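Just coords_10.cif here, mmCIF, C-alpha atoms:
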data_target
#
loop_
_atom_site.group_PDB
_atom_site.id
_atom_site.type_symbol
_atom_site.label_atom_id
_atom_site.label_comp_id
_atom_site.auth_asym_id
_atom_site.auth_seq_id
_atom_site.Cartn_x
_atom_site.Cartn_y
_atom_site.Cartn_z
ATOM 1 C CA MET J 1101 0.000 0.000 0.000
ATOM 2 C CA ILE J 1102 1.087 3.571 -0.747
ATOM 3 C CA TYR J 1103 0.784 6.735 1.353
ATOM 4 C CA GLN J 1104 2.073 10.287 0.937
ATOM 5 C CA SER J 1105 4.539 11.927 3.289
ATOM 6 C CA GLY J 1106 5.882 15.307 2.278
ATOM 7 C CA ASP J 1107 7.244 15.071 -1.255
ATOM 8 C CA ALA J 1108 7.468 11.264 -1.391
ATOM 9 C CA GLU J 1109 5.162 8.334 -2.018
ATOM 10 C CA LEU J 1110 6.006 5.647 0.524
ATOM 11 C CA PHE J 1111 5.144 1.948 0.624
ATOM 12 C CA TYR J 1112 4.054 -0.165 3.561
ATOM 13 C CA GLU J 1113 2.735 -3.680 4.061
ATOM 14 C CA SER J 1114 0.027 -4.544 6.587
ATOM 15 C CA ARG J 1115 -0.196 -8.007 8.162
ATOM 16 C CA GLY J 1116 -2.371 -9.656 10.801
ATOM 17 C CA ASP J 1117 -4.851 -8.420 13.371
ATOM 18 C CA GLY J 1118 -4.467 -7.255 16.960
ATOM 19 C CA PRO J 1119 -2.421 -4.566 18.717
ATOM 20 C CA ASN J 1120 -0.545 -2.322 16.279
ATOM 21 C CA LEU J 1121 3.170 -3.035 15.821
ATOM 22 C CA VAL J 1122 5.266 -0.830 13.514
ATOM 23 C CA MET J 1123 8.509 -2.504 12.364
ATOM 24 C CA LEU J 1124 11.319 -0.382 10.880
ATOM 25 C CA HIS J 1125 13.975 -2.221 8.891
ATOM 26 C CA PRO J 1126 17.737 -1.606 8.615
ATOM 27 C CA THR J 1127 19.564 -0.229 5.577
ATOM 28 C CA PRO J 1128 20.259 -1.075 2.784
ATOM 29 C CA VAL J 1129 17.422 -3.636 2.746
ATOM 30 C CA ASP J 1130 13.640 -3.159 2.756
ATOM 31 C CA HIS J 1131 10.667 -4.290 4.842
ATOM 32 C CA GLY J 1132 11.243 -7.881 3.692
ATOM 33 C CA PHE J 1133 13.896 -8.021 6.420
ATOM 34 C CA TRP J 1134 11.103 -8.490 8.967
ATOM 35 C CA LEU J 1135 8.947 -11.018 7.120
ATOM 36 C CA PRO J 1136 10.510 -14.196 8.593
ATOM 37 C CA LEU J 1137 10.078 -12.781 12.109
ATOM 38 C CA ALA J 1138 6.595 -11.474 11.276
ATOM 39 C CA ASP J 1139 5.545 -15.047 10.536
ATOM 40 C CA THR J 1140 6.050 -15.790 14.252
ATOM 41 C CA MET J 1141 3.947 -12.828 15.441
ATOM 42 C CA SER J 1142 0.337 -13.908 14.950
ATOM 43 C CA GLY J 1143 -2.087 -11.887 17.048
ATOM 44 C CA TYR J 1144 -0.514 -8.525 16.139
ATOM 45 C CA HIS J 1145 -1.335 -6.045 13.397
ATOM 46 C CA MET J 1146 2.078 -5.461 11.869
ATOM 47 C CA LEU J 1147 2.865 -2.397 9.760
ATOM 48 C CA LEU J 1148 6.054 -2.816 7.743
ATOM 49 C CA PRO J 1149 7.023 0.347 5.857
ATOM 50 C CA ASP J 1150 9.850 0.747 3.382
ATOM 51 C CA LEU J 1151 11.850 3.727 4.620
ATOM 52 C CA ARG J 1152 12.470 6.550 2.148
ATOM 53 C CA GLY J 1153 14.749 5.458 -0.669
ATOM 54 C CA HIS J 1154 14.400 1.783 0.225
ATOM 55 C CA GLY J 1155 12.319 -0.886 -1.468
ATOM 56 C CA ARG J 1156 9.264 0.648 -3.139
ATOM 57 C CA SER J 1157 9.432 4.009 -1.326
ATOM 58 C CA GLN J 1158 10.565 7.158 -3.090
ATOM 59 C CA LEU J 1159 13.510 9.142 -1.760
ATOM 60 C CA GLY J 1160 12.014 12.597 -2.272
ATOM 61 C CA ALA J 1161 13.942 15.717 -3.183
ATOM 62 C CA GLY J 1162 14.823 17.173 0.208
ATOM 63 C CA PRO J 1163 17.773 16.381 2.492
ATOM 64 C CA LEU J 1164 17.360 13.122 4.393
ATOM 65 C CA SER J 1165 17.617 12.951 8.183
ATOM 66 C CA MET J 1166 16.340 10.921 11.108
ATOM 67 C CA SER J 1167 13.813 13.706 11.645
ATOM 68 C CA VAL J 1168 12.418 13.300 8.123
ATOM 69 C CA LEU J 1169 12.168 9.533 8.555
ATOM 70 C CA ALA J 1170 10.431 9.929 11.920
ATOM 71 C CA GLU J 1171 7.919 12.326 10.368
ATOM 72 C CA ASP J 1172 7.196 9.669 7.725
ATOM 73 C CA VAL J 1173 6.243 7.288 10.540
ATOM 74 C CA VAL J 1174 3.981 9.908 12.129
ATOM 75 C CA GLN J 1175 2.278 10.425 8.766
ATOM 76 C CA LEU J 1176 1.659 6.675 8.480
ATOM 77 C CA LEU J 1177 0.100 6.590 11.948
ATOM 78 C CA ASP J 1178 -2.079 9.575 11.114
ATOM 79 C CA ARG J 1179 -3.207 8.054 7.811
ATOM 80 C CA LEU J 1180 -4.312 4.894 9.602
ATOM 81 C CA GLU J 1181 -5.755 6.832 12.556
ATOM 82 C CA ILE J 1182 -3.476 5.056 15.048
ATOM 83 C CA ASP J 1183 -2.965 7.088 18.209
ATOM 84 C CA LYS J 1184 -0.424 4.792 19.844
ATOM 85 C CA ALA J 1185 1.464 1.647 18.821
ATOM 86 C CA PHE J 1186 4.278 -0.732 19.670
ATOM 87 C CA PHE J 1187 7.466 -0.124 17.701
ATOM 88 C CA CYS J 1188 10.369 -2.308 16.678
ATOM 89 C CA GLY J 1189 13.475 -1.142 14.821
ATOM 90 C CA CYS J 1190 16.848 -2.440 13.680
ATOM 91 C CA SER J 1191 19.894 -0.304 12.850
ATOM 92 C CA ILE J 1192 18.608 2.833 11.059
ATOM 93 C CA GLY J 1193 15.125 1.707 12.066
ATOM 94 C CA GLY J 1194 16.190 2.065 15.686
ATOM 95 C CA TYR J 1195 17.785 5.456 15.055
ATOM 96 C CA VAL J 1196 14.448 6.608 13.648
ATOM 97 C CA LEU J 1197 12.729 5.371 16.811
ATOM 98 C CA TYR J 1198 15.062 7.436 18.997
ATOM 99 C CA GLU J 1199 13.991 10.462 16.959
ATOM 100 C CA LEU J 1200 10.345 9.436 17.146
ATOM 101 C CA TRP J 1201 10.621 9.282 20.945
ATOM 102 C CA ARG J 1202 12.049 12.809 20.983
ATOM 103 C CA ARG J 1203 9.320 14.042 18.642
ATOM 104 C CA ALA J 1204 6.163 12.148 19.659
ATOM 105 C CA PRO J 1205 6.587 9.987 22.786
ATOM 106 C CA GLU J 1206 2.815 9.939 23.279
ATOM 107 C CA ARG J 1207 2.505 7.734 20.158
ATOM 108 C CA ILE J 1208 4.739 5.000 21.620
ATOM 109 C CA ALA J 1209 3.409 2.237 23.889
ATOM 110 C CA ALA J 1210 6.678 0.265 23.997
ATOM 111 C CA LEU J 1211 9.949 0.030 22.069
ATOM 112 C CA ALA J 1212 11.998 -2.920 20.852
ATOM 113 C CA ILE J 1213 15.476 -2.018 19.600
ATOM 114 C CA PHE J 1214 17.562 -4.579 17.717
ATOM 115 C CA CYS J 1215 21.236 -3.861 17.002
ATOM 116 C CA SER J 1216 20.880 -0.078 16.994
ATOM 117 C CA LYS J 1217 23.285 1.651 19.322
ATOM 118 C CA PRO J 1218 22.364 5.020 20.849
ATOM 119 C CA GLN J 1219 25.823 6.498 20.308
ATOM 120 C CA PRO J 1220 26.499 8.813 17.334
ATOM 121 C CA ASP J 1221 28.989 7.992 14.595
ATOM 122 C CA SER J 1222 32.646 8.076 15.610
ATOM 123 C CA PRO J 1223 35.068 10.156 13.496
ATOM 124 C CA VAL J 1224 36.337 6.897 11.979
ATOM 125 C CA ASN J 1225 32.831 5.834 10.964
ATOM 126 C CA LYS J 1226 32.079 9.266 9.524
ATOM 127 C CA ALA J 1227 35.227 9.040 7.404
ATOM 128 C CA LYS J 1228 34.197 5.580 6.183
ATOM 129 C CA ARG J 1229 30.782 6.905 5.193
ATOM 130 C CA LYS J 1230 32.391 9.653 3.122
ATOM 131 C CA GLU J 1231 34.495 7.004 1.380
ATOM 132 C CA THR J 1232 31.357 4.959 0.749
ATOM 133 C CA ILE J 1233 29.571 7.954 -0.754
ATOM 134 C CA GLU J 1234 32.433 8.592 -3.163
ATOM 135 C CA GLN J 1235 32.662 4.891 -4.048
ATOM 136 C CA VAL J 1236 28.946 4.654 -4.817
ATOM 137 C CA ARG J 1237 28.940 7.884 -6.809
ATOM 138 C CA THR J 1238 31.869 6.668 -8.880
ATOM 139 C CA HIS J 1239 31.268 2.927 -9.221
ATOM 140 C CA GLY J 1240 27.604 2.357 -8.388
ATOM 141 C CA THR J 1241 26.129 0.159 -5.678
ATOM 142 C CA ASP J 1242 27.153 -3.412 -6.522
ATOM 143 C CA GLN J 1243 30.481 -3.404 -4.702
ATOM 144 C CA PHE J 1244 28.947 -1.650 -1.703
ATOM 145 C CA PHE J 1245 26.039 -4.105 -1.462
ATOM 146 C CA ASP J 1246 28.336 -7.097 -1.816
ATOM 147 C CA ALA J 1247 30.459 -5.846 1.073
ATOM 148 C CA MET J 1248 27.446 -4.968 3.214
ATOM 149 C CA SER J 1249 25.820 -8.371 2.823
ATOM 150 C CA GLN J 1250 29.046 -9.936 4.073
ATOM 151 C CA SER J 1251 29.630 -7.576 6.999
ATOM 152 C CA LEU J 1252 26.082 -7.259 8.336
ATOM 153 C CA LEU J 1253 25.528 -10.991 8.794
ATOM 154 C CA GLY J 1254 27.274 -12.840 11.611
ATOM 155 C CA SER J 1255 29.964 -15.346 10.722
ATOM 156 C CA THR J 1256 28.059 -18.146 12.446
ATOM 157 C CA SER J 1257 24.910 -17.467 10.420
ATOM 158 C CA LYS J 1258 26.823 -17.401 7.143
ATOM 159 C CA ARG J 1259 28.425 -20.730 8.027
ATOM 160 C CA ARG J 1260 25.167 -22.392 9.104
ATOM 161 C CA ASN J 1261 22.889 -21.024 6.372
ATOM 162 C CA ALA J 1262 24.571 -20.367 3.044
ATOM 163 C CA SER J 1263 21.338 -19.171 1.420
ATOM 164 C CA LEU J 1264 20.924 -16.351 3.935
ATOM 165 C CA LEU J 1265 23.662 -14.303 2.284
ATOM 166 C CA ALA J 1266 21.900 -14.414 -1.076
ATOM 167 C CA SER J 1267 18.556 -13.561 0.544
ATOM 168 C CA ALA J 1268 19.982 -10.497 2.256
ATOM 169 C CA ARG J 1269 21.809 -9.378 -0.878
ATOM 170 C CA ALA J 1270 18.624 -9.674 -2.956
ATOM 171 C CA MET J 1271 16.899 -7.129 -0.692
ATOM 172 C CA MET J 1272 19.556 -4.502 -1.427
ATOM 173 C CA THR J 1273 18.013 -2.608 -4.340
ATOM 174 C CA MET J 1274 18.556 1.043 -3.431
ATOM 175 C CA GLU J 1275 19.521 3.582 -6.086
ATOM 176 C CA PRO J 1276 22.923 5.282 -5.720
ATOM 177 C CA GLU J 1277 21.274 8.614 -4.808
ATOM 178 C CA ALA J 1278 19.384 6.937 -1.976
ATOM 179 C CA VAL J 1279 22.490 5.164 -0.658
ATOM 180 C CA THR J 1280 24.444 8.404 -0.524
ATOM 181 C CA ALA J 1281 21.560 10.290 1.131
ATOM 182 C CA VAL J 1282 21.177 7.581 3.793
ATOM 183 C CA GLN J 1283 24.904 7.390 4.484
ATOM 184 C CA LYS J 1284 25.040 11.160 4.955
ATOM 185 C CA ALA J 1285 22.021 11.077 7.280
ATOM 186 C CA LEU J 1286 23.526 8.247 9.341
ATOM 187 C CA GLY J 1287 26.757 10.171 9.766
ATOM 188 C CA GLU J 1288 24.859 13.237 10.977
ATOM 189 C CA ARG J 1289 22.481 11.479 13.360
ATOM 190 C CA PRO J 1290 22.461 12.895 16.900
ATOM 191 C CA ASP J 1291 23.733 11.321 20.098
ATOM 192 C CA SER J 1292 20.803 9.346 21.521
ATOM 193 C CA VAL J 1293 22.390 8.330 24.826
ATOM 194 C CA PRO J 1294 20.721 11.304 26.571
ATOM 195 C CA THR J 1295 17.484 10.296 24.846
ATOM 196 C CA ALA J 1296 17.787 6.753 26.212
ATOM 197 C CA ARG J 1297 17.698 8.097 29.749
ATOM 198 C CA THR J 1298 14.258 9.592 29.066
ATOM 199 C CA ILE J 1299 12.609 6.476 27.569
ATOM 200 C CA SER J 1300 9.979 5.732 30.177
ATOM 201 C CA VAL J 1301 7.979 3.095 28.269
ATOM 202 C CA PRO J 1302 8.998 -0.600 28.369
ATOM 203 C CA LEU J 1303 12.110 -1.134 26.257
ATOM 204 C CA LEU J 1304 13.441 -4.373 24.779
ATOM 205 C CA VAL J 1305 17.124 -4.258 23.787
ATOM 206 C CA VAL J 1306 18.576 -7.079 21.680
ATOM 207 C CA ALA J 1307 22.236 -7.254 20.666
ATOM 208 C CA GLY J 1308 24.153 -9.562 18.363
ATOM 209 C CA GLY J 1309 27.308 -11.057 19.824
ATOM 210 C CA GLU J 1310 28.986 -10.955 16.384
ATOM 211 C CA ASP J 1311 27.798 -7.447 15.547
ATOM 212 C CA ALA J 1312 30.660 -5.035 14.894
ATOM 213 C CA SER J 1313 28.346 -2.147 13.934
ATOM 214 C CA SER J 1314 26.376 -1.952 17.196
ATOM 215 C CA THR J 1315 28.453 -3.965 19.613
ATOM 216 C CA PRO J 1316 27.008 -5.688 22.683
ATOM 217 C CA ALA J 1317 28.820 -3.170 24.887
ATOM 218 C CA GLU J 1318 27.249 -0.256 23.018
ATOM 219 C CA MET J 1319 23.816 -1.859 23.237
ATOM 220 C CA GLU J 1320 24.264 -2.456 26.964
ATOM 221 C CA VAL J 1321 24.644 1.306 27.381
ATOM 222 C CA LEU J 1322 21.134 1.665 25.984
ATOM 223 C CA ALA J 1323 19.716 -0.972 28.319
ATOM 224 C CA GLN J 1324 21.492 0.498 31.332
ATOM 225 C CA SER J 1325 20.434 4.068 30.510
ATOM 226 C CA ALA J 1326 16.698 3.489 30.106
ATOM 227 C CA PRO J 1327 14.777 3.047 33.375
ATOM 228 C CA ASN J 1328 12.477 0.248 32.181
ATOM 229 C CA ALA J 1329 14.631 -1.914 29.885
ATOM 230 C CA GLU J 1330 15.468 -5.575 29.459
ATOM 231 C CA PHE J 1331 18.522 -6.826 27.574
ATOM 232 C CA HIS J 1332 19.088 -9.974 25.516
ATOM 233 C CA LEU J 1333 22.300 -11.047 23.806
ATOM 234 C CA MET J 1334 22.204 -13.336 20.775
ATOM 235 C CA MET J 1335 25.792 -14.535 20.955
ATOM 236 C CA ASP J 1336 25.925 -16.221 17.546
ATOM 237 C CA ALA J 1337 24.256 -13.465 15.497
ATOM 238 C CA GLY J 1338 25.447 -10.343 13.732
ATOM 239 C CA HIS J 1339 23.938 -6.942 12.923
ATOM 240 C CA PHE J 1340 21.027 -8.601 11.136
ATOM 241 C CA ALA J 1341 20.246 -10.790 14.159
ATOM 242 C CA ALA J 1342 16.472 -10.614 13.632
ATOM 243 C CA LEU J 1343 16.856 -11.933 10.077
ATOM 244 C CA GLU J 1344 19.530 -14.470 10.963
ATOM 245 C CA GLN J 1345 17.501 -16.083 13.758
ATOM 246 C CA PRO J 1346 13.879 -14.933 13.316
ATOM 247 C CA GLU J 1347 12.367 -17.613 15.540
ATOM 248 C CA ARG J 1348 14.591 -16.756 18.493
ATOM 249 C CA ALA J 1349 14.282 -13.012 17.950
ATOM 250 C CA GLY J 1350 10.536 -13.475 17.609
ATOM 251 C CA GLU J 1351 10.404 -15.256 20.958
ATOM 252 C CA PHE J 1352 12.053 -12.266 22.637
ATOM 253 C CA LEU J 1353 9.730 -9.816 20.886
ATOM 254 C CA ARG J 1354 6.510 -11.766 21.443
ATOM 255 C CA SER J 1355 7.234 -12.388 25.123
ATOM 256 C CA PHE J 1356 8.010 -8.704 25.611
ATOM 257 C CA LEU J 1357 4.957 -7.413 23.746
ATOM 258 C CA ASP J 1358 2.603 -9.945 25.322
ATOM 259 C CA ARG J 1359 3.655 -8.692 28.750
ATOM 260 C CA CYS J 1360 3.206 -5.087 27.614
ATOM 261 C CA SER J 1361 -0.265 -5.922 26.270
ATOM 262 C CA SER J 1362 -1.502 -7.670 29.413
#
So, in terms of structure tokens, how does the structure I just supplied come out?
Amino acid sequence: MIYQSGDAELFYESRGDGPNLVMLHPTPVDHGFWLPLADTMSGYHMLLPDLRGHGRSQLGAGPLSMSVLAEDVVQLLDRLEIDKAFFCGCSIGGYVLYELWRRAPERIAALAIFCSKPQPDSPVNKAKRKETIEQVRTHGTDQFFDAMSQSLLGSTSKRRNASLLASARAMMTMEPEAVTAVQKALGERPDSVPTARTISVPLLVVAGGEDASSTPAEMEVLAQSAPNAEFHLMMDAGHFAALEQPERAGEFLRSFLDRCSS
């Protein structure tokens, strides 16, 4: 389904019935990232949008930021007349949820954050993003996507499930302009550690033990900062932990949301 937010037409998929659960995917994949986990979440009405520039959603003409992406989520809620919902996000999806909490905490019943550290980019990471932008502008996206599919999956998952690498790579369909806009926005995202201290709703924090992008130690800072958080470590998973082990990740999410719903 399509909805309008600002200057862009954005896509979302709706699944199931029950309490509303909005699931925000990581980059550079689309909402399909969540589908294996969504299959374990019967009893919830799941909204799975493609973020701007990802999947079937347009990028739009304006500068991209976490604030723009959070406003897109607000527009989706307003379109569907949803006052409050549960939210789940991974990587950039989690960064958008930090911004959504700053912007509209009254719309959030509970948060589940997978592999999405609250810290801003380090100078080293910012330099790498600039290199990525130049690489994509010069050579296109293939080399970037090939490298990302390798680095975002944990080594254990790649060894156990050879087809997972191809599945993740197939979801990486962004245009070069979208990749560069997202990389710039990620490098400029704010420090969300102070934000974490203000998250008063129930918070589920899940880290991947083989995740070099949002390390377990960085994710523990989130869990320790928020007053009402629980932490789970998936030792043999990487940055895409929810895709690598959807049944296990789904158990954490369902148990958490069921308790929040009761």
Q. Can you tell me, as number ranges by chain, what residues are no more than 12 Å from Ala1266 of chain J when counting all atoms listed in the file, ignoring any on the same chain fewer than 5 positions away?
A. J: 1245-1246, 1248-1250, 1253, 1258, 1261, 1271-1272
Resulting file, chosen residues, C-alpha atoms, as a short mmCIF file (atom, residue, chain, number, x, y, z; two decimals), keeping the file's coordinate frame:
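Saved as again01.cif:
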data_model
loop_
_atom_site.label_atom_id
_atom_site.label_comp_id
_atom_site.auth_asym_id
_atom_site.auth_seq_id
_atom_site.Cartn_x
_atom_site.Cartn_y
_atom_site.Cartn_z
CA PHE J 1245 26.04 -4.11 -1.46
CA ASP J 1246 28.34 -7.10 -1.82
CA MET J 1248 27.45 -4.97 3.21
CA SER J 1249 25.82 -8.37 2.82
CA GLN J 1250 29.05 -9.94 4.07
CA LEU J 1253 25.53 -10.99 8.79
CA LYS J 1258 26.82 -17.40 7.14
CA ASN J 1261 22.89 -21.02 6.37
CA MET J 1271 16.90 -7.13 -0.69
CA MET J 1272 19.56 -4.50 -1.43
#
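Counting only C-alpha atoms, the residue from J:Leu1151, J:Cys1215, J:Ala1337, J:Leu1177 that sits nearest to Arg1259 of chain J is J:Ala1337.
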(Q) I want to know what sits within 9 Å of Gln1158 of chain J, based on all atoms listed in the file, with residues of the same chain fewer than 3 positions away left out; could you give that as a VMD selection string? (A) chain J and resid 1107 to 1111 1151 to 1155 1278
Q: Check what the PyMOL selection byres ((chain J and resi 1274) around 12) selects in the file above and give those residues as a ChimeraX atom specification.
A: /J:1127-1130,1150-1159,1236,1240-1242,1244-1245,1269-1273,1275-1283
Q | Residue nearest Met1146 of chain J among J:Leu1265, J:Met1166, J:Val1122, J:Ile1299 (counting only C-alpha atoms) | A | J:Val1122
Q | Residue with smallest distance to Arg1229 of chain J - pool J:Lys1217, J:Arg1203, J:Lys1284, J:Arg1179, counting all atoms listed in the file | A | J:Lys1284
Q: Using all atoms listed in the file, pick whichever of J:Leu1176, J:Met1141, J:Leu1264, J:Ala1170 has the shortest atom-to-atom distance to Glu1113 of chain J.
A: J:Leu1176
Long-range neighbours of segment 1193-1199 of chain J as a PDB file with C-alpha atoms, in the coordinates of the input, 10 Å cut-off, only C-alpha atoms, 6 positions minimum in chain:
ATOM      1  CA  MET J1123       8.509  -2.504  12.364  1.00  0.00           C
ATOM      2  CA  LEU J1124      11.319  -0.382  10.880  1.00  0.00           C
ATOM      3  CA  HIS J1125      13.975  -2.221   8.891  1.00  0.00           C
ATOM      4  CA  PRO J1126      17.737  -1.606   8.615  1.00  0.00           C
ATOM      5  CA  THR J1127      19.564  -0.229   5.577  1.00  0.00           C
ATOM      6  CA  LEU J1151      11.850   3.727   4.620  1.00  0.00           C
ATOM      7  CA  SER J1165      17.617  12.951   8.183  1.00  0.00           C
ATOM      8  CA  MET J1166      16.340  10.921  11.108  1.00  0.00           C
ATOM      9  CA  SER J1167      13.813  13.706  11.645  1.00  0.00           C
ATOM     10  CA  VAL J1168      12.418  13.300   8.123  1.00  0.00           C
ATOM     11  CA  LEU J1169      12.168   9.533   8.555  1.00  0.00           C
ATOM     12  CA  ALA J1170      10.431   9.929  11.920  1.00  0.00           C
ATOM     13  CA  GLU J1171       7.919  12.326  10.368  1.00  0.00           C
ATOM     14  CA  ASP J1172       7.196   9.669   7.725  1.00  0.00           C
ATOM     15  CA  VAL J1173       6.243   7.288  10.540  1.00  0.00           C
ATOM     16  CA  PHE J1187       7.466  -0.124  17.701  1.00  0.00           C
ATOM     17  CA  PRO J1205       6.587   9.987  22.786  1.00  0.00           C
ATOM     18  CA  ILE J1208       4.739   5.000  21.620  1.00  0.00           C
ATOM     19  CA  LEU J1211       9.949   0.030  22.069  1.00  0.00           C
ATOM     20  CA  ALA J1212      11.998  -2.920  20.852  1.00  0.00           C
ATOM     21  CA  ILE J1213      15.476  -2.018  19.600  1.00  0.00           C
ATOM     22  CA  PHE J1214      17.562  -4.579  17.717  1.00  0.00           C
ATOM     23  CA  CYS J1215      21.236  -3.861  17.002  1.00  0.00           C
ATOM     24  CA  SER J1216      20.880  -0.078  16.994  1.00  0.00           C
ATOM     25  CA  LYS J1217      23.285   1.651  19.322  1.00  0.00           C
ATOM     26  CA  PRO J1218      22.364   5.020  20.849  1.00  0.00           C
ATOM     27  CA  GLN J1219      25.823   6.498  20.308  1.00  0.00           C
ATOM     28  CA  PRO J1220      26.499   8.813  17.334  1.00  0.00           C
ATOM     29  CA  LEU J1286      23.526   8.247   9.341  1.00  0.00           C
ATOM     30  CA  ARG J1289      22.481  11.479  13.360  1.00  0.00           C
ATOM     31  CA  PRO J1290      22.461  12.895  16.900  1.00  0.00           C
ATOM     32  CA  ASP J1291      23.733  11.321  20.098  1.00  0.00           C
ATOM     33  CA  SER J1292      20.803   9.346  21.521  1.00  0.00           C
ATOM     34  CA  VAL J1293      22.390   8.330  24.826  1.00  0.00           C
ATOM     35  CA  THR J1295      17.484  10.296  24.846  1.00  0.00           C
ATOM     36  CA  ALA J1296      17.787   6.753  26.212  1.00  0.00           C
ATOM     37  CA  ILE J1299      12.609   6.476  27.569  1.00  0.00           C
TER      38      ILE J1299
END
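Closest approach to Ser1191 of chain J from the set J:Tyr1144, J:Phe1340, J:Tyr1103, J:Tyr1112 is made by J:Phe1340, with distances taken over only C-alpha atoms.
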Q. Got a sec: who's within 10 Å of Val1301 of chain J, counting all atoms listed in the file, leaving out chain neighbours fewer than 3 positions off, as a ChimeraX atom specification?
A. /J:1201,1205-1206,1208-1211,1298,1304,1326-1329,1360
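Reported to one decimal place, the separation of atom CA of Met1101 of chain J from atom CA of Leu1343 of chain J is 23.0 Å.
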Q: For the structure provided, state which residues fall under the PyMOL selection byres ((chain J and resi 1226) around 12), and present them as a ChimeraX atom specification.
A: /J:1220-1225,1227-1233,1283-1289
Padding of 5 Å on every side, edges along x, y and z, all listed atoms of segment 1174-1190 of chain J included: what centre and edge lengths in Å, to one decimal, does that box have, as AutoDock Vina command-line options?
--center_x 5.5 --center_y 4.0 --center_z 13.8 --size_x 32.6 --size_y 22.9 --size_z 22.0
Listing only residues of segment 1113-1187 of chain J within 9 Å of segment 1348-1352 of chain J, what is the closest atom pair and its distance in Å (to one decimal) for each, using only C-alpha atoms, sorted by chain and residue number ascending, as JSON lines?
{"residue": "J:Leu1137", "atom": "CA", "partner": "J:Gly1350", "partner_atom": "CA", "distance": 5.6}
{"residue": "J:Ala1138", "atom": "CA", "partner": "J:Gly1350", "partner_atom": "CA", "distance": 7.7}
{"residue": "J:Asp1139", "atom": "CA", "partner": "J:Gly1350", "partner_atom": "CA", "distance": 8.8}
{"residue": "J:Thr1140", "atom": "CA", "partner": "J:Gly1350", "partner_atom": "CA", "distance": 6.1}
{"residue": "J:Met1141", "atom": "CA", "partner": "J:Gly1350", "partner_atom": "CA", "distance": 7.0}
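A straight line drawn from atom CA of Gly1309 of chain J to atom CA of Gln1345 of chain J is 12.6 Å long.
Interatomic distance, atom CA of Ser1105 of chain J against atom CA of His1131 of chain J: 17.4 Å.
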Q: Name the residues captured by the PyMOL selection byres ((chain J and resi 1333) around 8) when it is applied to the shown file; answer as a PyMOL selection string.
A: chain J and resi 1306-1309+1316+1331-1332+1334-1335
Will you model N, CA and C atoms for segment 1189-1201 of chain J and pass it back as a PDB file, in the coordinates of the input?
ATOM      1  N   GLY J1189      12.565  -1.654  15.833  1.00  0.00           N
ATOM      2  CA  GLY J1189      13.475  -1.142  14.821  1.00  0.00           C
ATOM      3  C   GLY J1189      14.836  -1.784  14.907  1.00  0.00           C
ATOM      4  N   CYS J1190      15.484  -1.906  13.755  1.00  0.00           N
ATOM      5  CA  CYS J1190      16.848  -2.440  13.680  1.00  0.00           C
ATOM      6  C   CYS J1190      17.727  -1.442  12.946  1.00  0.00           C
ATOM      7  N   SER J1191      18.907  -1.188  13.477  1.00  0.00           N
ATOM      8  CA  SER J1191      19.894  -0.304  12.850  1.00  0.00           C
ATOM      9  C   SER J1191      19.272   1.068  12.584  1.00  0.00           C
ATOM     10  N   ILE J1192      19.200   1.523  11.326  1.00  0.00           N
ATOM     11  CA  ILE J1192      18.608   2.833  11.059  1.00  0.00           C
ATOM     12  C   ILE J1192      17.170   2.883  11.542  1.00  0.00           C
ATOM     13  N   GLY J1193      16.481   1.743  11.526  1.00  0.00           N
ATOM     14  CA  GLY J1193      15.125   1.707  12.066  1.00  0.00           C
ATOM     15  C   GLY J1193      15.086   2.092  13.527  1.00  0.00           C
ATOM     16  N   GLY J1194      16.095   1.668  14.289  1.00  0.00           N
ATOM     17  CA  GLY J1194      16.190   2.065  15.686  1.00  0.00           C
ATOM     18  C   GLY J1194      16.543   3.528  15.845  1.00  0.00           C
ATOM     19  N   TYR J1195      17.424   4.039  14.982  1.00  0.00           N
ATOM     20  CA  TYR J1195      17.785   5.456  15.055  1.00  0.00           C
ATOM     21  C   TYR J1195      16.555   6.327  14.809  1.00  0.00           C
ATOM     22  N   VAL J1196      15.694   5.876  13.902  1.00  0.00           N
ATOM     23  CA  VAL J1196      14.448   6.608  13.648  1.00  0.00           C
ATOM     24  C   VAL J1196      13.559   6.576  14.890  1.00  0.00           C
ATOM     25  N   LEU J1197      13.564   5.462  15.602  1.00  0.00           N
ATOM     26  CA  LEU J1197      12.729   5.371  16.811  1.00  0.00           C
ATOM     27  C   LEU J1197      13.240   6.274  17.925  1.00  0.00           C
ATOM     28  N   TYR J1198      14.549   6.457  18.027  1.00  0.00           N
ATOM     29  CA  TYR J1198      15.062   7.436  18.997  1.00  0.00           C
ATOM     30  C   TYR J1198      14.503   8.823  18.663  1.00  0.00           C
ATOM     31  N   GLU J1199      14.516   9.164  17.381  1.00  0.00           N
ATOM     32  CA  GLU J1199      13.991  10.462  16.959  1.00  0.00           C
ATOM     33  C   GLU J1199      12.488  10.547  17.177  1.00  0.00           C
ATOM     34  N   LEU J1200      11.782   9.448  16.923  1.00  0.00           N
ATOM     35  CA  LEU J1200      10.345   9.436  17.146  1.00  0.00           C
ATOM     36  C   LEU J1200      10.025   9.657  18.625  1.00  0.00           C
ATOM     37  N   TRP J1201      10.827   9.070  19.507  1.00  0.00           N
ATOM     38  CA  TRP J1201      10.621   9.282  20.945  1.00  0.00           C
ATOM     39  C   TRP J1201      10.817  10.751  21.304  1.00  0.00           C
TER      40      TRP J1201
END
